[in-house]
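Quick look at final26.txt (compact mmCIF, C-alpha atoms):
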# COMPACT_ATOMS: atom_id res chain seq x y z
CA MET A 1 32.27 89.52 -118.17
CA ARG A 2 33.42 88.74 -121.73
CA LYS A 3 30.87 88.72 -124.50
CA LEU A 4 29.84 85.34 -125.86
CA VAL A 5 30.55 84.66 -129.52
CA LEU A 6 28.28 81.93 -130.82
CA VAL A 7 26.32 80.80 -133.80
CA VAL A 8 22.63 80.03 -133.38
CA MET A 9 20.69 78.26 -136.11
CA ALA A 10 17.00 77.40 -136.03
CA LEU A 11 16.31 73.85 -137.11
CA CYS A 12 13.22 72.54 -138.85
CA LEU A 13 14.02 68.87 -138.45
CA ALA A 14 12.27 65.58 -137.84
CA ILE A 15 8.56 66.29 -137.52
CA GLY A 16 9.24 69.98 -138.14
CA TRP A 17 8.16 73.31 -136.80
CA THR A 18 4.54 73.68 -135.78
CA GLY A 19 2.64 76.88 -135.05
CA GLN A 20 2.03 77.83 -131.46
CA ALA A 21 -1.73 77.71 -131.86
CA SER A 22 -1.64 74.02 -132.79
CA ALA A 23 0.75 72.94 -130.04
CA ALA A 24 -0.85 71.10 -127.13
CA LEU A 25 1.98 71.96 -124.73
CA ARG A 26 1.25 75.45 -123.43
CA VAL A 27 1.09 77.34 -120.10
CA ASP A 28 -0.44 80.73 -119.26
CA VAL A 29 2.02 82.56 -117.01
CA THR A 30 -0.60 85.14 -115.99
CA GLU A 31 -2.58 82.62 -113.96
CA ALA A 32 -2.18 82.81 -110.19
CA ASN A 33 -2.25 79.02 -109.67
CA ILE A 34 -0.31 76.92 -112.14
CA GLN A 35 0.36 73.21 -112.04
CA PRO A 36 3.99 72.77 -113.14
CA ILE A 37 4.39 70.93 -116.45
CA PRO A 38 6.02 67.50 -116.07
CA ILE A 39 9.03 67.63 -118.40
CA ALA A 40 11.72 65.02 -119.08
CA ILE A 41 15.28 66.27 -119.62
CA PRO A 42 17.71 63.38 -120.19
CA ASP A 43 21.45 64.08 -120.15
CA PHE A 44 22.57 65.38 -123.54
CA ILE A 45 24.38 62.72 -125.57
CA GLY A 46 27.81 63.03 -127.18
CA ASP A 47 30.32 64.62 -124.82
CA VAL A 48 29.01 62.97 -121.65
CA ALA A 49 30.46 65.36 -119.05
CA VAL A 50 29.44 68.59 -120.80
CA GLY A 51 26.10 67.11 -121.82
CA ARG A 52 25.31 66.21 -118.22
CA ASN A 53 26.30 69.72 -117.07
CA ILE A 54 24.12 71.44 -119.66
CA SER A 55 21.05 69.33 -118.94
CA SER A 56 21.52 69.91 -115.19
CA VAL A 57 21.50 73.68 -115.62
CA VAL A 58 18.45 73.53 -117.90
CA LYS A 59 16.61 71.45 -115.28
CA GLY A 60 17.53 73.96 -112.58
CA ASP A 61 16.41 76.96 -114.62
CA LEU A 62 13.05 75.48 -115.55
CA GLU A 63 12.33 74.08 -112.07
CA ARG A 64 13.07 77.42 -110.37
CA SER A 65 10.62 79.17 -112.69
CA GLY A 66 7.84 77.25 -110.93
CA LEU A 67 6.27 76.39 -114.30
CA PHE A 68 8.03 73.07 -114.89
CA ARG A 69 8.58 69.86 -112.92
CA PRO A 70 11.61 67.95 -114.23
CA LEU A 71 10.99 64.21 -113.92
CA ASP A 72 13.30 61.72 -112.21
CA PRO A 73 15.69 60.20 -114.80
CA ALA A 74 15.25 56.83 -113.06
CA SER A 75 11.72 56.74 -114.46
CA PHE A 76 12.76 57.14 -118.11
CA VAL A 77 11.84 54.17 -120.32
CA GLU A 78 13.49 55.21 -123.57
CA LYS A 79 17.23 55.87 -123.76
CA ILE A 80 17.87 58.67 -126.25
CA SER A 81 20.53 57.75 -128.82
CA ASP A 82 19.63 59.97 -131.80
CA ILE A 83 18.16 63.43 -131.21
CA ASN A 84 17.16 63.75 -134.89
CA ALA A 85 14.81 60.77 -134.69
CA PRO A 86 11.34 61.23 -133.17
CA PRO A 87 11.19 59.79 -129.64
CA ARG A 88 8.91 56.90 -128.71
CA PHE A 89 6.09 59.15 -127.53
CA GLY A 90 4.20 56.33 -125.81
CA ASP A 91 7.18 55.59 -123.55
CA TRP A 92 7.20 59.18 -122.34
CA ARG A 93 3.43 59.32 -121.89
CA THR A 94 3.77 56.28 -119.63
CA ILE A 95 5.72 58.37 -117.09
CA GLN A 96 3.28 61.32 -117.48
CA ALA A 97 5.78 63.55 -119.30
CA GLN A 98 4.16 66.36 -121.27
CA GLY A 99 7.41 67.71 -122.69
CA LEU A 100 10.75 66.16 -123.61
CA VAL A 101 14.07 67.94 -124.12
CA THR A 102 16.79 66.05 -126.01
CA GLY A 103 20.24 67.34 -126.80
CA GLN A 104 23.68 66.53 -128.14
CA VAL A 105 27.15 67.99 -127.56
CA VAL A 106 29.81 67.35 -130.22
CA PRO A 107 33.41 68.68 -129.95
CA GLN A 108 34.62 70.17 -133.25
CA ALA A 109 38.07 69.98 -134.88
CA ASP A 110 38.73 73.65 -134.08
CA GLY A 111 38.13 73.07 -130.35
CA ARG A 112 34.65 74.54 -130.30
CA LEU A 113 31.49 72.76 -129.22
CA LYS A 114 28.40 72.17 -131.35
CA VAL A 115 25.32 71.87 -129.17
CA ASP A 116 21.93 70.82 -130.58
CA PHE A 117 18.65 70.48 -128.72
CA ARG A 118 15.02 69.63 -129.48
CA LEU A 119 11.83 70.29 -127.53
CA TRP A 120 9.09 67.69 -128.12
CA ASP A 121 5.38 67.90 -127.31
CA ILE A 122 4.67 64.36 -126.09
CA PHE A 123 0.86 64.37 -126.36
CA GLY A 124 0.86 66.39 -129.58
CA GLU A 125 3.63 64.12 -130.94
CA GLN A 126 5.49 66.98 -132.58
CA GLN A 127 8.72 68.89 -132.35
CA MET A 128 8.13 72.38 -130.99
CA VAL A 129 11.57 73.92 -131.47
CA GLY A 130 15.13 72.96 -132.34
CA LEU A 131 18.29 75.05 -132.12
CA GLN A 132 21.99 74.58 -132.77
CA PHE A 133 24.77 76.51 -131.02
CA SER A 134 28.48 76.72 -131.74
CA THR A 135 30.76 78.18 -129.09
CA THR A 136 33.91 77.69 -127.03
CA PRO A 137 33.87 75.03 -124.28
CA GLU A 138 34.02 77.51 -121.37
CA ASN A 139 30.66 78.97 -122.45
CA TRP A 140 28.67 75.75 -121.90
CA ARG A 141 26.73 77.26 -118.99
CA ARG A 142 25.62 80.21 -121.10
CA ILE A 143 24.43 77.78 -123.78
CA ALA A 144 22.34 76.00 -121.13
CA HIS A 145 20.64 79.27 -120.15
CA LEU A 146 19.92 80.06 -123.81
CA ILE A 147 18.30 76.63 -124.21
CA SER A 148 16.20 77.27 -121.09
CA ASP A 149 15.09 80.62 -122.53
CA ALA A 150 14.09 78.98 -125.82
CA ILE A 151 12.02 76.32 -124.02
CA TYR A 152 10.37 78.88 -121.72
CA GLU A 153 9.47 81.16 -124.64
CA ARG A 154 8.10 78.36 -126.83
CA ILE A 155 5.81 77.01 -124.11
CA THR A 156 4.72 80.26 -122.42
CA GLY A 157 4.81 82.71 -125.32
CA GLU A 158 6.90 85.03 -123.11
CA LYS A 159 10.59 85.82 -123.39
CA GLY A 160 12.77 83.89 -120.94
CA TYR A 161 15.05 85.45 -118.34
CA PHE A 162 17.70 82.81 -117.67
CA ASP A 163 20.54 84.24 -119.78
CA THR A 164 20.98 87.19 -117.42
CA ARG A 165 23.16 88.38 -114.56
CA ILE A 166 22.54 89.99 -111.18
CA VAL A 167 24.61 92.82 -109.74
CA PHE A 168 24.33 93.02 -105.97
CA ILE A 169 26.03 94.00 -102.71
CA ALA A 170 27.94 91.12 -101.11
CA GLU A 171 28.02 91.57 -97.33
CA SER A 172 30.41 90.00 -94.83
CA GLY A 173 31.95 90.61 -91.42
CA PRO A 174 30.57 91.64 -88.01
CA LYS A 175 27.50 93.87 -87.84
CA LEU A 176 29.42 96.89 -86.56
CA ALA A 177 32.20 96.53 -89.15
CA ARG A 178 30.27 95.28 -92.17
CA LYS A 179 32.08 94.94 -95.50
CA LYS A 180 29.99 95.66 -98.57
CA ARG A 181 31.43 94.72 -101.94
CA LEU A 182 30.08 95.24 -105.44
CA ALA A 183 29.55 91.82 -107.04
CA VAL A 184 27.92 90.13 -110.04
CA MET A 185 26.70 86.58 -110.63
CA ASP A 186 24.51 84.61 -113.01
CA GLN A 187 20.79 84.75 -112.20
CA ASP A 188 21.02 81.25 -110.69
CA GLY A 189 23.86 82.25 -108.35
CA ALA A 190 26.67 80.70 -110.41
CA ASN A 191 29.93 82.45 -111.33
CA PRO A 192 30.02 85.10 -108.57
CA VAL A 193 32.69 87.76 -109.10
CA PHE A 194 33.61 90.51 -106.63
CA LEU A 195 34.23 93.85 -108.37
CA THR A 196 35.41 95.85 -105.34
CA GLN A 197 37.43 94.77 -102.32
CA GLY A 198 35.32 96.18 -99.50
CA ASP A 199 37.68 99.04 -98.67
CA TYR A 200 34.76 101.44 -99.00
CA LEU A 201 30.97 101.23 -98.82
CA VAL A 202 29.02 100.63 -102.04
CA LEU A 203 25.25 100.75 -102.53
CA THR A 204 22.45 100.72 -105.14
CA PRO A 205 24.14 99.13 -108.19
CA ARG A 206 22.20 99.25 -111.47
CA PHE A 207 22.93 97.82 -114.96
CA ASN A 208 22.85 99.82 -118.17
CA PRO A 209 20.76 98.44 -121.10
CA THR A 210 23.70 96.49 -122.58
CA ALA A 211 24.63 94.88 -119.22
CA GLN A 212 28.22 96.09 -119.70
CA MET A 213 28.13 99.11 -117.37
CA ILE A 214 27.04 99.50 -113.75
CA ALA A 215 26.07 102.74 -112.01
CA TYR A 216 26.31 102.68 -108.21
CA MET A 217 26.90 104.84 -105.16
CA SER A 218 30.27 104.60 -103.43
CA TYR A 219 31.89 106.19 -100.39
CA ILE A 220 35.36 106.29 -101.98
CA GLY A 221 37.32 108.89 -100.02
CA GLY A 222 34.48 109.09 -97.51
CA LYS A 223 32.27 111.10 -99.86
CA PRO A 224 29.09 109.47 -101.23
CA ARG A 225 28.98 109.89 -105.00
CA VAL A 226 27.69 108.07 -108.06
CA TYR A 227 30.25 106.04 -110.02
CA LEU A 228 30.29 104.06 -113.25
CA PHE A 229 31.96 100.64 -113.49
CA ASP A 230 32.86 99.21 -116.91
CA LEU A 231 32.63 95.41 -116.70
CA GLU A 232 34.85 94.80 -119.73
CA SER A 233 37.75 97.02 -118.71
CA GLY A 234 37.26 97.18 -114.93
CA ARG A 235 37.54 100.98 -115.14
CA GLN A 236 35.71 103.09 -112.55
CA GLU A 237 34.92 106.77 -112.84
CA VAL A 238 32.99 109.26 -110.77
CA LEU A 239 29.87 110.61 -112.47
CA GLY A 240 30.20 114.38 -112.23
CA ASN A 241 32.08 116.58 -109.82
CA PHE A 242 29.27 117.70 -107.56
CA PRO A 243 30.09 119.48 -104.28
CA SER A 244 27.63 117.35 -102.30
CA MET A 245 26.23 113.83 -102.15
CA THR A 246 24.84 112.06 -105.22
CA PHE A 247 23.04 108.74 -104.92
CA SER A 248 20.33 106.38 -106.22
CA PRO A 249 21.39 106.26 -109.91
CA ARG A 250 19.56 104.54 -112.74
CA PHE A 251 20.15 104.47 -116.50
CA SER A 252 17.65 105.65 -119.10
CA PRO A 253 16.26 102.91 -121.41
CA ASP A 254 18.56 104.01 -124.25
CA GLY A 255 21.59 104.07 -121.93
CA LYS A 256 22.50 107.62 -122.93
CA SER A 257 21.75 109.28 -119.60
CA VAL A 258 21.52 108.61 -115.87
CA VAL A 259 18.98 109.95 -113.41
CA MET A 260 20.04 110.30 -109.78
CA ALA A 261 19.38 112.22 -106.59
CA LEU A 262 21.57 115.16 -105.63
CA GLU A 263 21.61 116.43 -102.05
CA GLN A 264 22.09 120.12 -101.36
CA GLY A 265 21.49 121.86 -98.05
CA GLY A 266 19.87 118.81 -96.47
CA ASN A 267 17.40 118.37 -99.32
CA SER A 268 17.59 116.12 -102.36
CA ASP A 269 16.17 116.54 -105.84
CA ILE A 270 16.34 114.45 -108.99
CA TYR A 271 18.73 115.32 -111.80
CA ARG A 272 19.39 113.85 -115.23
CA MET A 273 22.90 113.69 -116.68
CA ASP A 274 23.73 113.19 -120.35
CA LEU A 275 26.61 110.68 -120.42
CA ALA A 276 28.12 112.07 -123.63
CA THR A 277 28.23 115.74 -122.65
CA ARG A 278 28.01 115.33 -118.84
CA GLY A 279 25.48 118.13 -118.86
CA THR A 280 22.82 117.99 -116.12
CA VAL A 281 19.17 119.00 -115.95
CA ARG A 282 17.27 119.42 -112.69
CA LEU A 283 13.97 117.55 -112.85
CA THR A 284 12.42 118.22 -109.42
CA ASN A 285 12.50 121.33 -107.26
CA ASP A 286 10.63 120.77 -104.03
CA PRO A 287 11.36 121.23 -100.31
CA GLY A 288 10.65 117.52 -99.84
CA ILE A 289 13.19 114.73 -100.30
CA ASP A 290 12.99 113.31 -103.83
CA THR A 291 14.96 110.15 -104.64
CA ALA A 292 14.92 106.63 -106.17
CA PRO A 293 14.03 107.61 -109.77
CA SER A 294 13.16 104.91 -112.33
CA PHE A 295 12.33 105.34 -116.02
CA SER A 296 9.33 103.82 -117.74
CA PRO A 297 10.52 101.41 -120.47
CA ASP A 298 9.61 103.90 -123.22
CA GLY A 299 11.68 106.60 -121.49
CA LYS A 300 8.76 109.05 -121.38
CA GLN A 301 8.06 108.96 -117.63
CA ILE A 302 9.95 108.65 -114.35
CA SER A 303 8.68 107.26 -111.08
CA PHE A 304 10.30 108.35 -107.80
CA GLU A 305 9.71 108.52 -104.07
CA SER A 306 9.19 111.73 -102.10
CA ASN A 307 8.00 112.93 -98.71
CA ARG A 308 6.69 116.19 -100.17
CA GLY A 309 3.16 115.22 -99.11
CA GLY A 310 4.13 114.56 -95.49
CA SER A 311 5.12 110.89 -95.75
CA GLN A 312 7.22 108.70 -98.02
CA GLN A 313 5.11 108.00 -101.14
CA ILE A 314 5.47 107.25 -104.84
CA TYR A 315 5.12 109.86 -107.58
CA VAL A 316 5.30 109.82 -111.37
CA MET A 317 6.37 112.66 -113.66
CA ASN A 318 7.17 113.19 -117.32
CA ALA A 319 10.80 112.63 -118.27
CA ASP A 320 11.35 116.40 -118.41
CA GLY A 321 10.09 116.86 -114.83
CA SER A 322 6.63 118.14 -115.74
CA ASN A 323 3.21 116.82 -114.68
CA VAL A 324 4.17 115.44 -111.26
CA ARG A 325 1.43 113.36 -109.64
CA ARG A 326 1.23 111.11 -106.61
CA ILE A 327 0.15 107.52 -107.31
CA SER A 328 0.43 105.68 -103.94
CA PHE A 329 -2.35 106.22 -101.39
CA GLY A 330 -2.53 102.92 -99.53
CA ALA A 331 -1.73 102.25 -95.90
CA GLY A 332 1.75 103.02 -94.62
CA LYS A 333 4.70 104.45 -96.51
CA ASN A 334 5.74 103.47 -100.02
CA GLY A 335 9.09 103.81 -101.77
CA THR A 336 11.79 102.35 -104.07
CA PRO A 337 9.53 102.30 -107.17
CA VAL A 338 10.86 100.35 -110.16
CA TRP A 339 9.07 100.27 -113.49
CA SER A 340 8.46 96.86 -115.06
CA PRO A 341 10.20 96.26 -118.43
CA ARG A 342 6.70 95.56 -119.79
CA GLY A 343 5.48 98.98 -118.67
CA ASP A 344 2.34 97.55 -117.05
CA LEU A 345 3.38 97.65 -113.38
CA ILE A 346 5.58 99.45 -110.87
CA ALA A 347 7.15 97.37 -108.10
CA PHE A 348 7.66 99.11 -104.76
CA THR A 349 8.42 98.66 -101.05
CA ASN A 350 5.55 99.12 -98.62
CA ILE A 351 6.41 100.04 -95.03
CA SER A 352 3.69 99.43 -92.45
CA ASP A 353 3.31 98.32 -88.84
CA SER A 354 3.79 94.71 -89.95
CA GLY A 355 7.16 95.40 -91.58
CA PHE A 356 8.61 95.95 -95.04
CA HIS A 357 6.93 94.20 -97.98
CA VAL A 358 7.34 94.18 -101.76
CA GLY A 359 4.28 94.97 -103.84
CA VAL A 360 3.18 96.05 -107.30
CA MET A 361 0.74 98.62 -108.67
CA ARG A 362 -0.27 99.95 -112.06
CA PRO A 363 1.44 103.16 -113.23
CA ASP A 364 -1.64 105.15 -112.26
CA GLY A 365 -1.55 103.71 -108.72
CA SER A 366 -4.51 101.38 -109.13
CA GLY A 367 -4.47 97.67 -108.39
CA ALA A 368 -1.86 97.90 -105.62
CA ARG A 369 -1.16 94.56 -103.96
CA VAL A 370 1.52 93.22 -101.64
CA LEU A 371 3.42 90.13 -102.82
CA THR A 372 5.70 89.22 -99.91
CA THR A 373 5.20 88.70 -96.19
CA GLY A 374 8.76 88.62 -94.81
CA TRP A 375 9.85 90.67 -91.82
CA GLN A 376 11.85 93.11 -93.97
CA ASP A 377 11.51 92.70 -97.74
CA GLU A 378 12.57 95.66 -99.89
CA GLY A 379 14.34 96.94 -102.99
CA PRO A 380 12.59 95.09 -105.85
CA THR A 381 14.16 94.53 -109.28
CA TRP A 382 12.49 93.06 -112.37
CA ALA A 383 13.47 90.17 -114.62
CA PRO A 384 13.71 91.44 -118.21
CA ASN A 385 10.41 89.75 -119.13
CA GLY A 386 8.53 91.51 -116.32
CA ARG A 387 7.27 88.25 -114.78
CA VAL A 388 9.65 87.74 -111.83
CA ILE A 389 10.90 90.09 -109.11
CA MET A 390 14.02 89.79 -106.97
CA PHE A 391 14.36 91.65 -103.69
CA THR A 392 16.36 91.88 -100.46
CA ARG A 393 15.07 89.97 -97.44
CA THR A 394 16.63 90.96 -94.11
CA LEU A 395 16.24 88.30 -91.44
CA GLN A 396 15.18 89.20 -87.93
CA THR A 397 17.81 88.83 -85.21
CA GLY A 398 16.77 86.49 -82.40
CA SER A 399 16.62 87.41 -78.72
CA ASN A 400 20.02 85.75 -78.29
CA GLY A 401 21.53 88.03 -80.89
CA GLN A 402 21.85 85.21 -83.42
CA GLY A 403 20.45 85.19 -86.95
CA GLY A 404 19.90 88.30 -88.96
CA GLY A 405 21.70 89.01 -92.21
CA SER A 406 20.41 89.76 -95.69
CA GLN A 407 19.50 87.41 -98.53
CA ILE A 408 18.26 87.74 -102.09
CA TRP A 409 14.88 86.19 -102.85
CA SER A 410 12.63 86.03 -105.90
CA ILE A 411 8.88 85.83 -106.41
CA ASP A 412 6.54 85.72 -109.41
CA VAL A 413 4.45 88.79 -110.14
CA THR A 414 1.41 86.65 -109.29
CA GLY A 415 2.69 86.35 -105.70
CA ARG A 416 3.63 82.67 -106.01
CA ASN A 417 6.89 80.69 -106.28
CA GLU A 418 8.88 82.53 -103.62
CA ARG A 419 12.49 81.27 -103.58
CA LYS A 420 15.88 82.09 -102.09
CA VAL A 421 18.52 82.98 -104.68
CA PRO A 422 21.94 81.40 -103.99
CA ALA A 423 24.65 83.98 -103.30
CA PRO A 424 28.12 83.91 -101.70
CA GLY A 425 27.32 84.79 -98.08
CA ASP A 426 24.94 87.60 -97.18
CA ALA A 427 23.70 89.66 -100.11
CA SER A 428 21.45 92.66 -100.70
CA ASP A 429 20.26 95.27 -103.20
CA PRO A 430 20.05 93.08 -106.34
CA ALA A 431 19.56 94.54 -109.80
CA TRP A 432 18.65 92.32 -112.74
CA SER A 433 20.41 92.74 -116.07
CA PRO A 434 18.60 92.70 -119.41
CA LEU A 435 19.09 89.59 -121.55
CA LEU A 436 22.79 89.39 -122.32
CA PRO A 437 23.97 90.46 -125.79

When written as structure tokens, how does the structure in this file appear?
Amino acid sequence: MRKLVLVVMALCLAIGWTGQASAALRVDVTEANIQPIPIAIPDFIGDVAVGRNISSVVKGDLERSGLFRPLDPASFVEKISDINAPPRFGDWRTIQAQGLVTGQVVPQADGRLKVDFRLWDIFGEQQMVGLQFSTTPENWRRIAHLISDAIYERITGEKGYFDTRIVFIAESGPKLARKKRLAVMDQDGANPVFLTQGDYLVLTPRFNPTAQMIAYMSYIGGKPRVYLFDLESGRQEVLGNFPSMTFSPRFSPDGKSVVMALEQGGNSDIYRMDLATRGTVRLTNDPGIDTAPSFSPDGKQISFESNRGGSQQIYVMNADGSNVRRISFGAGKNGTPVWSPRGDLIAFTNISDSGFHVGVMRPDGSGARVLTTGWQDEGPTWAPNGRVIMFTRTLQTGSNGQGGGSQIWSIDVTGRNERKVPAPGDASDPAWSPLLP
């Protein structure tokens, strides 16, 4: 949970920096069908153990994105010995590599590590990017994710999403006595940490914009209320002293307020709380059940779900509660809307006769399409670049009572590259952090 202190320096070495327009190595992430780029990632030289670990994480990050195909090291012709010298491009073309990542890890006198890497365009015969990092040895994995982000951004033109964390609900125990603990892990499933012990039910965790605070619903004392969890101090506090249930919290884009649902008399409406003053403003006032609010990235609008029209559907309103309009009109019910960080799409859960499925639509409701086909897929959350979605997949229990359980999966916004996300045991309700500070 600690913040990473590092030095990052852009390098214009060897062949030098070249503009993106002139680089031959490029992929368009908006295309529905993409052939992964063959990329060679030898173990980083210098400190052999750390170098091997860093290159392994970079390979895993890039391969899971679906845009890259790391090549088998057994096929490599050239052995990298100096990352500042241009590679023998012909040797790498022989094995069909389009990109090459070289790196070096050097322990410093003060105990820190200096990590350098270069990304080479093999057919263009040019260096595309080079960076140098200085940090403490225990942060090697974070350095690997930062390198993956730099490679992803240079080749796709989009920000990466590897230096991020996931907050989720870790589930364990028998079905009738299920333990649900608040937990966090790296986006690749590494470094899982349990934040609560399972003595009480927790649900719907959400990061604030700095990734240092989590809002979630907890049944501490048997009463469902919204809490805040500070990741640096471990401090928990209830958000407001409401006489009835509060749930489904989410931070505003500036992190200064939280929107949530408040139940009164069997009905729920959406409220906004200022975190500095703890003052609240009621945003909806309807006999229907309003819940699951989510801000647009500019903070000017809020999407939410409501049954005010007779069935569970998605609505959008201005941030002050005005101009409410329904945007989902497709088959079945629709809920859990979450605005993309790019502002161009809203992810949602569609409930129909065929099950629960994750889909996306434009903020005006047009262009709705379903992305997943699992038996029960729900609760989408966006990567900070708006290109990948994680969600909960509940498995169907067999006729013998075996199977079942919940898992976290991811899928590209194009509907391709569906993958299971490693987690400690059963897991549900993921929420993606922004890029870490």

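Interatomic distance, atom CA of Leu262 of chain A against atom CA of Gly343 of chain A: 26.3 Å.
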
Check your understanding: Out of A:Val48, A:Leu195, A:Leu67, A:Ile39, which residue has the shortest atom-to-atom distance to Ile95 of chain A when counting only C-alpha atoms?
Key -> A:Ile39

Practice item. Work out how far atom CA of Phe356 of chain A is from atom CA of Arg393 of chain A, in Å to one decimal. Key: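 Answer for the atom CA of Arg393 of chain A to atom CA of Phe356 of chain A separation: 9.1 Å.
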
Exercise for review: May I have the residues at most 9 Å from (7.0, 70.1, -128.9) in the file's coordinates, counting all atoms listed in the file, as a PyMOL selection string?
Suggested key: chain A and resi 17-18+23-25+98-101+118-129+154-155

Check your understanding: So how many Å separate atom CA of Trp432 of chain A and atom CA of Ile166 of chain A, to one decimal?
Key ->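 Taking atom CA of Trp432 of chain A as the start and atom CA of Ile166 of chain A as the end point, the length is 4.8 Å.
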
With all atoms listed in the file counted and 12 Å as the cut-off, give the residues of segment 382-427 of chain A in contact with segment 170-180 of chain A, each with its shortest interatomic distance in Å and the pair that gives it, as JSON lines.
{"residue": "A:Thr392", "atom": "CA", "partner": "A:Ala170", "partner_atom": "CA", "distance": 11.6}
{"residue": "A:Thr394", "atom": "CA", "partner": "A:Glu171", "partner_atom": "CA", "distance": 11.9}
{"residue": "A:Thr397", "atom": "CA", "partner": "A:Lys175", "partner_atom": "CA", "distance": 11.2}
{"residue": "A:Gly401", "atom": "CA", "partner": "A:Lys175", "partner_atom": "CA", "distance": 10.9}
{"residue": "A:Gln402", "atom": "CA", "partner": "A:Lys175", "partner_atom": "CA", "distance": 11.2}
{"residue": "A:Gly403", "atom": "CA", "partner": "A:Lys175", "partner_atom": "CA", "distance": 11.2}
{"residue": "A:Gly404", "atom": "CA", "partner": "A:Lys175", "partner_atom": "CA", "distance": 9.5}
{"residue": "A:Gly405", "atom": "CA", "partner": "A:Glu171", "partner_atom": "CA", "distance": 8.5}
{"residue": "A:Ser406", "atom": "CA", "partner": "A:Glu171", "partner_atom": "CA", "distance": 8.0}
{"residue": "A:Gln407", "atom": "CA", "partner": "A:Glu171", "partner_atom": "CA", "distance": 9.6}
{"residue": "A:Ile408", "atom": "CA", "partner": "A:Ala170", "partner_atom": "CA", "distance": 10.3}
{"residue": "A:Pro422", "atom": "CA", "partner": "A:Ala170", "partner_atom": "CA", "distance": 11.8}
{"residue": "A:Ala423", "atom": "CA", "partner": "A:Ala170", "partner_atom": "CA", "distance": 8.2}
{"residue": "A:Pro424", "atom": "CA", "partner": "A:Ala170", "partner_atom": "CA", "distance": 7.2}
{"residue": "A:Gly425", "atom": "CA", "partner": "A:Glu171", "partner_atom": "CA", "distance": 6.9}
{"residue": "A:Asp426", "atom": "CA", "partner": "A:Glu171", "partner_atom": "CA", "distance": 5.0}
{"residue": "A:Ala427", "atom": "CA", "partner": "A:Ala170", "partner_atom": "CA", "distance": 4.6}

Point to revise | Near-segment 276-287 of chain A list (9 Å; all atoms listed in the file; drop same-chain fewer than 6 positions) as a ChimeraX atom specification | key: /A:239-240,256-257,267-270,308,319-322,324

Point to revise | For Thr136 of chain A, the nearest of the candidates A:Met317, A:Arg165, A:Val106, A:Ala368, counting all atoms listed in the file | key: A:Val106

**Study point:** Shortest interatomic distance to Asp353 of chain A - which of A:Ser340, A:Gln35, A:Gln108, A:Gln376, counting all atoms listed in the file
**Key:**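 Ranked by minimum distance to Asp353 of chain A, first place goes to A:Gln376.
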
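The shortest atom-to-atom distance to Gly386 of chain A, with only C-alpha atoms taken into account, belongs to A:Ala347 out of A:Leu371, A:Val421, A:Ala347, A:Val167.
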
Review point. Got a sec: who's within 9 Å of Ala144 of chain A, counting only C-alpha atoms, leaving out chain neighbours fewer than 5 positions off, as a PyMOL selection string?
Key: chain A and resi 53-58+61+139+149+162-163

Practice item. Please provide as a list of chain:residue names all residues within 10 Å of Tyr219 of chain A, with the sequence filter that same-chain residues fewer than 6 positions apart are discarded (counting only C-alpha atoms). Key: A:Asp199, A:Tyr200, A:Leu201, A:Val202, A:Leu203, A:Arg225, A:Val226, A:Tyr227, A:Met245

Revision key, fill the gap. Restricting to all atoms listed in the file, whichever of A:Pro243, A:Pro36, A:Gly355, A:Pro363 is closest to Phe68 of chain A is A:Pro36
